[in-house]
>>> print(open('input32.txt').read())   # compact mmCIF, C-alpha atoms and all ligand atoms
# COMPACT_ATOMS: atom_id res chain seq x y z
CA MET T 1 0.00 0.00 0.00
CA ARG T 2 1.08 3.57 -0.63
CA LYS T 3 0.10 5.53 2.48
CA PRO T 4 -1.55 8.82 1.53
CA ILE T 5 0.44 11.94 2.39
CA ILE T 6 -1.11 15.37 2.78
CA ALA T 7 1.38 18.21 3.19
CA GLY T 8 0.66 21.87 3.84
CA ASN T 9 3.04 24.32 2.20
CA TRP T 10 2.50 27.52 4.15
CA LYS T 11 4.76 29.46 1.75
CA CYS T 12 5.70 32.97 3.00
CA HIS T 13 2.89 33.21 5.57
CA LEU T 14 2.29 33.29 9.33
CA THR T 15 3.93 34.84 12.36
CA LEU T 16 4.98 32.64 15.29
CA GLN T 17 1.72 33.31 17.08
CA GLU T 18 -0.32 32.50 13.98
CA ALA T 19 1.70 29.34 13.36
CA SER T 20 1.09 28.08 16.90
CA ALA T 21 -2.62 28.81 16.64
CA LEU T 22 -2.90 26.95 13.34
CA ILE T 23 -1.02 23.94 14.71
CA ALA T 24 -3.29 23.85 17.76
CA GLY T 25 -6.24 23.59 15.37
CA LEU T 26 -4.53 20.90 13.30
CA LYS T 27 -3.73 18.82 16.38
CA ASP T 28 -7.45 18.75 17.16
CA SER T 29 -8.51 17.78 13.65
CA CYS T 30 -5.69 16.11 11.68
CA ASP T 31 -3.88 13.80 14.10
CA THR T 32 -4.35 10.44 12.40
CA ASP T 33 -2.51 7.22 11.64
CA ALA T 34 -4.34 6.64 8.38
CA VAL T 35 -2.60 9.47 6.53
CA GLU T 36 0.85 11.01 6.80
CA VAL T 37 0.18 14.66 7.64
CA VAL T 38 3.00 17.17 7.22
CA VAL T 39 3.21 20.92 7.71
CA CYS T 40 5.89 23.04 6.04
CA PRO T 41 6.08 26.43 7.78
CA PRO T 42 8.53 29.17 6.79
CA PHE T 43 12.04 28.76 8.27
CA THR T 44 11.35 31.33 11.01
CA ALA T 45 8.48 29.25 12.42
CA LEU T 46 10.13 25.81 12.30
CA ALA T 47 11.37 25.75 15.91
CA THR T 48 8.06 27.02 17.28
CA ALA T 49 6.17 24.55 15.08
CA ALA T 50 8.37 21.67 16.28
CA GLN T 51 7.51 22.56 19.87
CA SER T 52 3.81 22.95 19.14
CA LEU T 53 3.66 19.61 17.29
CA LYS T 54 5.04 17.65 20.26
CA GLY T 55 2.72 14.83 21.23
CA SER T 56 1.03 14.64 17.83
CA ARG T 57 1.57 12.50 14.75
CA ILE T 58 1.72 15.54 12.47
CA ARG T 59 5.21 15.88 11.03
CA LEU T 60 7.39 18.84 10.20
CA GLY T 61 8.89 19.82 6.85
CA ALA T 62 10.71 22.81 5.38
CA GLN T 63 10.08 24.59 2.09
CA ASP T 64 13.63 24.56 0.75
CA VAL T 65 17.15 23.47 1.66
CA PHE T 66 20.72 24.25 0.64
CA TRP T 67 22.98 21.36 -0.40
CA GLU T 68 25.99 21.93 1.88
CA PRO T 69 25.89 20.99 5.58
CA HIS T 70 27.60 24.27 6.66
CA GLY T 71 29.94 26.97 5.42
CA ALA T 72 30.12 30.54 4.16
CA PHE T 73 26.76 30.62 2.37
CA THR T 74 25.01 33.70 3.69
CA GLY T 75 21.28 33.31 3.95
CA GLU T 76 21.14 29.59 3.29
CA ILE T 77 19.72 26.85 5.53
CA SER T 78 21.45 23.47 5.53
CA PRO T 79 20.00 19.97 5.70
CA THR T 80 21.67 19.35 9.07
CA MET T 81 20.03 22.50 10.46
CA LEU T 82 16.65 21.24 9.28
CA VAL T 83 17.20 17.87 10.93
CA ASP T 84 18.35 19.66 14.09
CA VAL T 85 15.17 21.72 14.31
CA GLY T 86 13.00 18.63 13.89
CA CYS T 87 12.23 18.45 10.18
CA ARG T 88 11.74 15.10 8.49
CA TYR T 89 10.65 16.40 5.08
CA VAL T 90 11.69 19.16 2.74
CA VAL T 91 10.06 20.56 -0.39
CA VAL T 92 12.55 20.80 -3.24
CA GLY T 93 12.15 22.49 -6.62
CA HIS T 94 8.83 24.21 -6.03
CA SER T 95 7.78 26.10 -9.17
CA GLU T 96 7.83 29.38 -7.24
CA ARG T 97 11.52 28.81 -6.53
CA ARG T 98 12.15 27.83 -10.12
CA THR T 99 10.30 30.91 -11.44
CA HIS T 100 11.29 33.63 -8.95
CA PHE T 101 14.65 32.43 -7.65
CA GLY T 102 16.34 30.79 -10.61
CA GLU T 103 16.13 27.21 -9.37
CA SER T 104 17.24 24.83 -12.13
CA ASP T 105 16.87 21.09 -12.62
CA GLN T 106 20.55 20.89 -11.63
CA SER T 107 20.13 22.77 -8.34
CA VAL T 108 17.03 20.71 -7.62
CA GLN T 109 19.13 17.60 -8.05
CA ARG T 110 21.83 18.86 -5.67
CA LYS T 111 19.24 19.74 -3.03
CA LEU T 112 17.47 16.44 -3.43
CA LEU T 113 20.71 14.48 -3.02
CA ALA T 114 21.63 16.52 0.06
CA ALA T 115 18.21 15.90 1.59
CA LEU T 116 18.56 12.14 1.05
CA LYS T 117 22.11 12.15 2.41
CA TYR T 118 20.95 13.69 5.68
CA ALA T 119 17.86 11.46 5.95
CA LEU T 120 15.27 14.07 5.07
CA VAL T 121 12.41 12.96 2.83
CA PRO T 122 12.46 15.22 -0.22
CA ILE T 123 9.14 16.27 -1.76
CA VAL T 124 10.28 16.99 -5.31
CA CYS T 125 7.99 19.30 -7.28
CA ILE T 126 7.54 19.11 -11.03
CA GLY T 127 4.95 20.49 -13.41
CA GLU T 128 4.32 22.32 -16.64
CA THR T 129 3.21 25.89 -17.34
CA LEU T 130 0.00 26.67 -19.17
CA ALA T 131 1.90 27.55 -22.36
CA GLU T 132 3.67 24.20 -22.21
CA ARG T 133 0.39 22.32 -21.69
CA ASP T 134 -1.27 24.23 -24.53
CA ALA T 135 1.67 23.33 -26.78
CA ASN T 136 1.23 19.65 -25.86
CA LEU T 137 4.59 19.65 -24.10
CA THR T 138 3.44 18.44 -20.68
CA PHE T 139 5.08 15.01 -20.91
CA ASN T 140 8.27 16.46 -22.40
CA VAL T 141 8.56 18.94 -19.52
CA LEU T 142 7.88 16.27 -16.90
CA THR T 143 10.46 13.99 -18.50
CA ARG T 144 13.07 16.76 -18.54
CA GLN T 145 12.42 17.70 -14.92
CA LEU T 146 12.42 14.07 -13.78
CA GLU T 147 15.57 13.26 -15.71
CA GLY T 148 17.31 16.42 -14.46
CA ALA T 149 16.46 15.90 -10.81
CA LEU T 150 16.32 12.13 -10.40
CA GLY T 151 18.47 10.85 -13.26
CA THR T 152 21.45 9.72 -11.19
CA LEU T 153 19.60 8.19 -8.24
CA SER T 154 19.82 4.57 -7.15
CA THR T 155 16.65 2.47 -6.79
CA ASP T 156 16.90 2.74 -3.02
CA GLU T 157 17.13 6.55 -3.20
CA VAL T 158 14.17 6.83 -5.57
CA ARG T 159 11.99 4.78 -3.25
CA ARG T 160 12.69 7.23 -0.40
CA LEU T 161 11.44 10.36 -2.13
CA ILE T 162 8.02 11.80 -2.76
CA LEU T 163 7.06 13.49 -6.01
CA ALA T 164 4.57 16.33 -6.24
CA TYR T 165 2.94 16.98 -9.60
CA GLU T 166 2.08 20.66 -9.46
CA PRO T 167 0.97 22.11 -12.79
CA VAL T 168 2.07 25.76 -12.62
CA TRP T 169 -1.24 26.96 -14.09
CA ALA T 170 -3.11 25.41 -11.16
CA ILE T 171 -1.05 26.94 -8.35
CA GLY T 172 -2.83 29.72 -6.48
CA THR T 173 -5.23 30.26 -9.38
CA GLY T 174 -8.30 28.47 -8.06
CA ARG T 175 -8.18 26.38 -11.22
CA ASN T 176 -7.20 22.86 -10.20
CA ALA T 177 -6.34 20.12 -12.66
CA SER T 178 -9.36 17.88 -13.19
CA PRO T 179 -9.09 14.45 -11.57
CA GLY T 180 -8.60 13.02 -15.07
CA GLN T 181 -5.79 15.45 -15.92
CA ALA T 182 -4.06 14.72 -12.62
CA GLN T 183 -4.40 10.95 -13.05
CA GLU T 184 -3.03 11.13 -16.59
CA ALA T 185 0.09 13.01 -15.46
CA HIS T 186 0.59 10.82 -12.39
CA ALA T 187 0.28 7.63 -14.43
CA PHE T 188 2.85 9.02 -16.88
CA ILE T 189 5.26 9.83 -14.03
CA ARG T 190 4.82 6.39 -12.46
CA LYS T 191 5.42 4.70 -15.79
CA TRP T 192 8.57 6.78 -16.29
CA LEU T 193 9.83 5.70 -12.85
CA ALA T 194 9.00 2.04 -13.59
CA THR T 195 10.80 2.15 -16.91
CA ARG T 196 13.86 3.56 -15.21
CA TRP T 197 14.00 1.70 -11.88
CA GLY T 198 11.60 -1.23 -12.32
CA LEU T 199 7.92 -1.85 -11.66
CA GLU T 200 8.36 -2.30 -7.94
CA ALA T 201 10.04 1.06 -7.45
CA GLY T 202 7.50 2.73 -9.73
CA ASP T 203 4.69 1.30 -7.63
CA ALA T 204 6.29 2.28 -4.34
CA VAL T 205 6.88 6.00 -4.98
CA ARG T 206 4.12 8.28 -3.72
CA ILE T 207 3.01 11.06 -6.05
CA GLN T 208 1.13 14.02 -4.61
CA TYR T 209 -0.99 16.41 -6.62
CA GLY T 210 -0.69 20.15 -5.89
CA GLY T 211 -2.47 23.18 -7.29
CA SER T 212 -5.64 24.75 -5.87
CA VAL T 213 -6.54 21.70 -3.78
CA ASN T 214 -9.37 22.56 -1.40
CA ALA T 215 -12.03 20.94 0.75
CA ALA T 216 -14.42 20.72 -2.20
CA ASN T 217 -12.18 19.18 -4.87
CA ALA T 218 -9.85 17.00 -2.75
CA ALA T 219 -11.99 13.85 -2.76
CA GLY T 220 -12.24 13.69 -6.56
CA LEU T 221 -8.49 14.09 -6.96
CA LEU T 222 -7.56 11.67 -4.17
CA GLN T 223 -9.83 8.96 -5.54
CA GLN T 224 -7.62 8.63 -8.62
CA PRO T 225 -5.53 5.45 -8.48
CA ASP T 226 -2.17 7.18 -8.92
CA VAL T 227 -2.86 10.26 -6.77
CA ASP T 228 -1.33 9.41 -3.40
CA GLY T 229 -1.87 12.68 -1.60
CA ALA T 230 -1.83 16.43 -1.95
CA LEU T 231 0.59 19.31 -1.52
CA VAL T 232 -1.67 22.10 -0.37
CA GLY T 233 -0.90 25.82 -0.44
CA GLY T 234 -3.67 28.31 0.36
CA ALA T 235 -6.06 25.82 1.94
CA SER T 236 -3.35 24.65 4.36
CA LEU T 237 -3.57 27.99 6.19
CA SER T 238 -7.03 27.09 7.49
CA ALA T 239 -7.25 24.22 10.00
CA GLU T 240 -10.81 23.54 8.88
CA ALA T 241 -10.01 23.35 5.15
CA PHE T 242 -6.82 21.34 5.69
CA ALA T 243 -8.66 18.90 7.99
CA ALA T 244 -11.30 18.38 5.31
CA ILE T 245 -8.57 17.49 2.80
CA VAL T 246 -6.99 15.06 5.29
CA ARG T 247 -10.45 13.48 5.81
CA ALA T 248 -10.85 13.09 2.04
CA ALA T 249 -7.54 11.20 2.01
CA VAL T 250 -8.67 8.96 4.88
CA GLU T 251 -11.85 8.15 2.97
CA ALA T 252 -10.23 7.64 -0.45
CA PRO T 253 -9.82 4.06 -1.68
CA SER T 254 -6.47 2.65 -0.59
CA LYS T 255 -3.75 2.71 -3.21
CA ALA T 256 -2.96 -0.96 -3.48
CA ILE T 257 0.24 -1.90 -5.16
CA THR T 258 -1.10 -4.11 -7.89
CA ARG T 259 1.86 -6.23 -8.88
P1 LIG K 301 -2.23 26.40 -3.85
O1 LIG K 301 -2.86 25.23 -3.12
O2 LIG K 301 -2.38 27.69 -3.11
O3 LIG K 301 -2.68 26.46 -5.27
O4 LIG K 301 -0.66 26.12 -3.88
C1 LIG K 301 -0.21 24.88 -4.28
C2 LIG K 301 1.23 24.78 -4.00
O5 LIG K 301 2.03 25.48 -4.60
C3 LIG K 301 1.67 23.85 -2.96
O6 LIG K 301 3.05 23.70 -2.96
>>> encode(input="input32.txt", output="structure tokens", more="lines below")
Ligand code: 13P
Amino acid sequence: MRKPIIAGNWKCHLTLQEASALIAGLKDSCDTDAVEVVVCPPFTALATAAQSLKGSRIRLGAQDVFWEPHGAFTGEISPTMLVDVGCRYVVVGHSERRTHFGESDQSVQRKLLAALKYALVPIVCIGETLAERDANLTFNVLTRQLEGALGTLSTDEVRRLILAYEPVWAIGTGRNASPGQAQEAHAFIRKWLATRWGLEAGDAVRIQYGGSVNAANAAGLLQQPDVDGALVGGASLSAEAFAAIVRAAVEAPSKAITR
């Protein structure tokens, strides 16, 4: 079985007080064994969030990571620092970092390898822009991003990561991919993994969908056989909305590994 994973990417939001209040709400509504629940606050709130999460099954992740463990890299946060503060996950290669901060497939690969080296679970984001989808380039873009980020990994390393399919046109726009569009992309990604590392590895890797997931559309997306969870932006800032998405994952049919 692939255990569903719902992660909240808080992006550049929330003060310490707001973060603690949100986590208090999540502890009341999202503390479950049936789904892996992760919150990814901004760096400034990680220590507070780690404290607030004590005694719950909700896990902590960061939104980015640098690839060196320490050194003269002003402004960067290392994988060892993330582990030290209590993170177990880290988002890598989010489209906002690719678009606004020059992240490339190559830097995504370095960050991903560093995360794996220091025992963080990387949530690797990939996805096409609207222009690329309209030009029928979705699968080409996904292949390039997968190849660029994952190309050199061993089977064991691939099995430890999580992929997030986040079509850029669906992020923060209120226009989510339809369940059929998400399933089509996820099935393509899984097949690419299986071709590269074998059917077993392809079946084992969890693939989240991200892009305007909310309480109303989560169930339809999570019912798709290759959609193993969600990476949630805006709706993760509301305990009520995020809890509804977690519930939809609890209620979705289990993702049996078929082979
Ligand atoms: P929204 O859910 O706000 O569209 O953001 C998705 C996202 O970018 C999660 O990483």
>>> residues_around(input="input32.txt", residues="Gln106 of chain T", least_positions_apart="6", cutoff="12 Å", atoms="all atoms listed in the file", output="tab-separated table (two decimals) with C-alpha atoms, in the frame of the given file")
chain	number	residue	atom	x	y	z
T	67	TRP	CA	22.98	21.36	-0.40
T	92	VAL	CA	12.55	20.80	-3.24
T	93	GLY	CA	12.15	22.49	-6.62
T	98	ARG	CA	12.15	27.83	-10.12
T	112	LEU	CA	17.47	16.44	-3.43
T	113	LEU	CA	20.71	14.48	-3.02
T	144	ARG	CA	13.07	16.76	-18.54
T	145	GLN	CA	12.42	17.70	-14.92
T	146	LEU	CA	12.42	14.07	-13.78
T	147	GLU	CA	15.57	13.26	-15.71
T	148	GLY	CA	17.31	16.42	-14.46
T	149	ALA	CA	16.46	15.90	-10.81
T	150	LEU	CA	16.32	12.13	-10.40
T	151	GLY	CA	18.47	10.85	-13.26
T	152	THR	CA	21.45	9.72	-11.19
>>> closest_residue(input="input32.txt", among="T:Ala187, T:Val108, T:Leu14, T:Val232", to="ligand LIG 301 (chain K)", atoms="all atoms listed in the file")
T:Val232
>>> atom_distance(input="input32.txt", atom1="atom CA of Val38 of chain T", atom2="atom CA of Ile171 of chain T")
18.8 Å
>>> closest_residue(input="input32.txt", among="T:Gly180, T:Gly75, T:Gly55, T:Gly8", to="ligand LIG 301 (chain K)", atoms="only C-alpha atoms and all ligand atoms")
T:Gly8
>>> atom_distance(input="input32.txt", atom1="atom CA of Val39 of chain T", atom2="atom CA of Gln17 of chain T")
15.6 Å
>>> closest_residue(input="input32.txt", among="T:Thr32, T:Thr15, T:Gln181, T:Ser78", to="Ala49 of chain T", atoms="only C-alpha atoms")
T:Thr15
>>> residues_around(input="input32.txt", residues="segment 197-207 of chain T", least_positions_apart="3", cutoff="12 Å", atoms="all atoms listed in the file", output="PyMOL selection string")
chain T and resi 1-7+36+121-126+150-166+182-183+185-194+210+221-222+224-231+255-259
>>> atom_distance(input="input32.txt", atom1="atom CA of Glu132 of chain T", atom2="atom CA of Asn9 of chain T")
24.4 Å
>>> closest_residue(input="input32.txt", among="T:Glu184, T:Glu128, T:Glu96, T:Asp105", to="ligand LIG 301 (chain K)", atoms="all atoms listed in the file")
T:Glu96
>>> closest_residue(input="input32.txt", among="T:Gly233, T:Pro41, T:Gly127, T:Gly220", to="Gly174 of chain T", atoms="all atoms listed in the file")
T:Gly233
>>> closest_residue(input="input32.txt", among="T:Pro253, T:Gly102, T:Pro167, T:Pro179", to="ligand LIG 301 (chain K)", atoms="all atoms listed in the file")
T:Pro167
>>> axis_aligned_box(input="input32.txt", around="ligand LIG 301 (chain K)", padding_each_side="3 Å", output="lines of an AutoDock Vina configuration file")
center_x = 0.1
center_y = 25.7
center_z = -4.1
size_x = 11.9
size_y = 10.0
size_z = 8.3
>>> decode(input="input32.txt", residues="segment 31-51 of chain T", atoms="N, CA, C and O atoms", output="JSON list (two decimals), in the first residue's frame")
[["chain", "number", "residue", "atom", "x", "y", "z"],
["T", 31, "ASP", "N", -4.84, 14.72, 13.50],
["T", 31, "ASP", "CA", -3.88, 13.80, 14.10],
["T", 31, "ASP", "C", -4.35, 12.37, 13.86],
["T", 31, "ASP", "O", -5.18, 11.86, 14.59],
["T", 32, "THR", "N", -3.84, 11.75, 12.80],
["T", 32, "THR", "CA", -4.35, 10.44, 12.40],
["T", 32, "THR", "C", -3.21, 9.52, 12.00],
["T", 32, "THR", "O", -2.14, 9.97, 11.59],
["T", 33, "ASP", "N", -3.48, 8.21, 12.09],
["T", 33, "ASP", "CA", -2.51, 7.22, 11.64],
["T", 33, "ASP", "C", -2.73, 6.84, 10.18],
["T", 33, "ASP", "O", -1.85, 6.30, 9.53],
["T", 34, "ALA", "N", -3.95, 7.13, 9.70],
["T", 34, "ALA", "CA", -4.34, 6.64, 8.38],
["T", 34, "ALA", "C", -3.64, 7.39, 7.25],
["T", 34, "ALA", "O", -3.53, 6.89, 6.13],
["T", 35, "VAL", "N", -3.19, 8.60, 7.54],
["T", 35, "VAL", "CA", -2.60, 9.47, 6.53],
["T", 35, "VAL", "C", -1.35, 10.09, 7.15],
["T", 35, "VAL", "O", -1.33, 10.40, 8.33],
["T", 36, "GLU", "N", -0.31, 10.26, 6.34],
["T", 36, "GLU", "CA", 0.85, 11.01, 6.80],
["T", 36, "GLU", "C", 0.51, 12.49, 6.63],
["T", 36, "GLU", "O", 0.21, 12.92, 5.51],
["T", 37, "VAL", "N", 0.53, 13.23, 7.70],
["T", 37, "VAL", "CA", 0.18, 14.66, 7.64],
["T", 37, "VAL", "C", 1.44, 15.46, 7.96],
["T", 37, "VAL", "O", 2.12, 15.20, 8.95],
["T", 38, "VAL", "N", 1.76, 16.40, 7.10],
["T", 38, "VAL", "CA", 3.00, 17.17, 7.22],
["T", 38, "VAL", "C", 2.67, 18.65, 7.10],
["T", 38, "VAL", "O", 1.84, 19.03, 6.27],
["T", 39, "VAL", "N", 3.31, 19.48, 7.92],
["T", 39, "VAL", "CA", 3.21, 20.92, 7.71],
["T", 39, "VAL", "C", 4.59, 21.48, 7.39],
["T", 39, "VAL", "O", 5.60, 21.05, 7.97],
["T", 40, "CYS", "N", 4.63, 22.41, 6.45],
["T", 40, "CYS", "CA", 5.89, 23.04, 6.04],
["T", 40, "CYS", "C", 5.80, 24.55, 6.25],
["T", 40, "CYS", "O", 5.45, 25.30, 5.34],
["T", 41, "PRO", "N", 6.10, 24.99, 7.48],
["T", 41, "PRO", "CA", 6.08, 26.43, 7.78],
["T", 41, "PRO", "C", 7.30, 27.12, 7.17],
["T", 41, "PRO", "O", 8.24, 26.45, 6.73],
["T", 42, "PRO", "N", 7.31, 28.45, 7.19],
["T", 42, "PRO", "CA", 8.53, 29.17, 6.79],
["T", 42, "PRO", "C", 9.65, 28.86, 7.80],
["T", 42, "PRO", "O", 9.37, 28.46, 8.93],
["T", 43, "PHE", "N", 10.90, 29.08, 7.40],
["T", 43, "PHE", "CA", 12.04, 28.76, 8.27],
["T", 43, "PHE", "C", 11.89, 29.37, 9.67],
["T", 43, "PHE", "O", 12.21, 28.74, 10.66],
["T", 44, "THR", "N", 11.41, 30.62, 9.72],
["T", 44, "THR", "CA", 11.35, 31.33, 11.01],
["T", 44, "THR", "C", 10.43, 30.64, 12.00],
["T", 44, "THR", "O", 10.59, 30.82, 13.20],
["T", 45, "ALA", "N", 9.46, 29.87, 11.52],
["T", 45, "ALA", "CA", 8.48, 29.25, 12.42],
["T", 45, "ALA", "C", 8.77, 27.78, 12.69],
["T", 45, "ALA", "O", 8.01, 27.12, 13.40],
["T", 46, "LEU", "N", 9.88, 27.26, 12.16],
["T", 46, "LEU", "CA", 10.13, 25.81, 12.30],
["T", 46, "LEU", "C", 10.31, 25.39, 13.76],
["T", 46, "LEU", "O", 9.73, 24.40, 14.21],
["T", 47, "ALA", "N", 11.11, 26.16, 14.52],
["T", 47, "ALA", "CA", 11.37, 25.75, 15.91],
["T", 47, "ALA", "C", 10.09, 25.81, 16.73],
["T", 47, "ALA", "O", 9.79, 24.90, 17.51],
["T", 48, "THR", "N", 9.34, 26.88, 16.56],
["T", 48, "THR", "CA", 8.06, 27.02, 17.28],
["T", 48, "THR", "C", 7.11, 25.89, 16.88],
["T", 48, "THR", "O", 6.43, 25.30, 17.72],
["T", 49, "ALA", "N", 7.07, 25.60, 15.56],
["T", 49, "ALA", "CA", 6.17, 24.55, 15.08],
["T", 49, "ALA", "C", 6.58, 23.20, 15.66],
["T", 49, "ALA", "O", 5.73, 22.41, 16.07],
["T", 50, "ALA", "N", 7.89, 22.95, 15.73],
["T", 50, "ALA", "CA", 8.37, 21.67, 16.28],
["T", 50, "ALA", "C", 7.90, 21.51, 17.72],
["T", 50, "ALA", "O", 7.44, 20.45, 18.13],
["T", 51, "GLN", "N", 7.98, 22.59, 18.47],
["T", 51, "GLN", "CA", 7.51, 22.56, 19.87],
["T", 51, "GLN", "C", 6.01, 22.30, 19.92],
["T", 51, "GLN", "O", 5.53, 21.46, 20.66]]
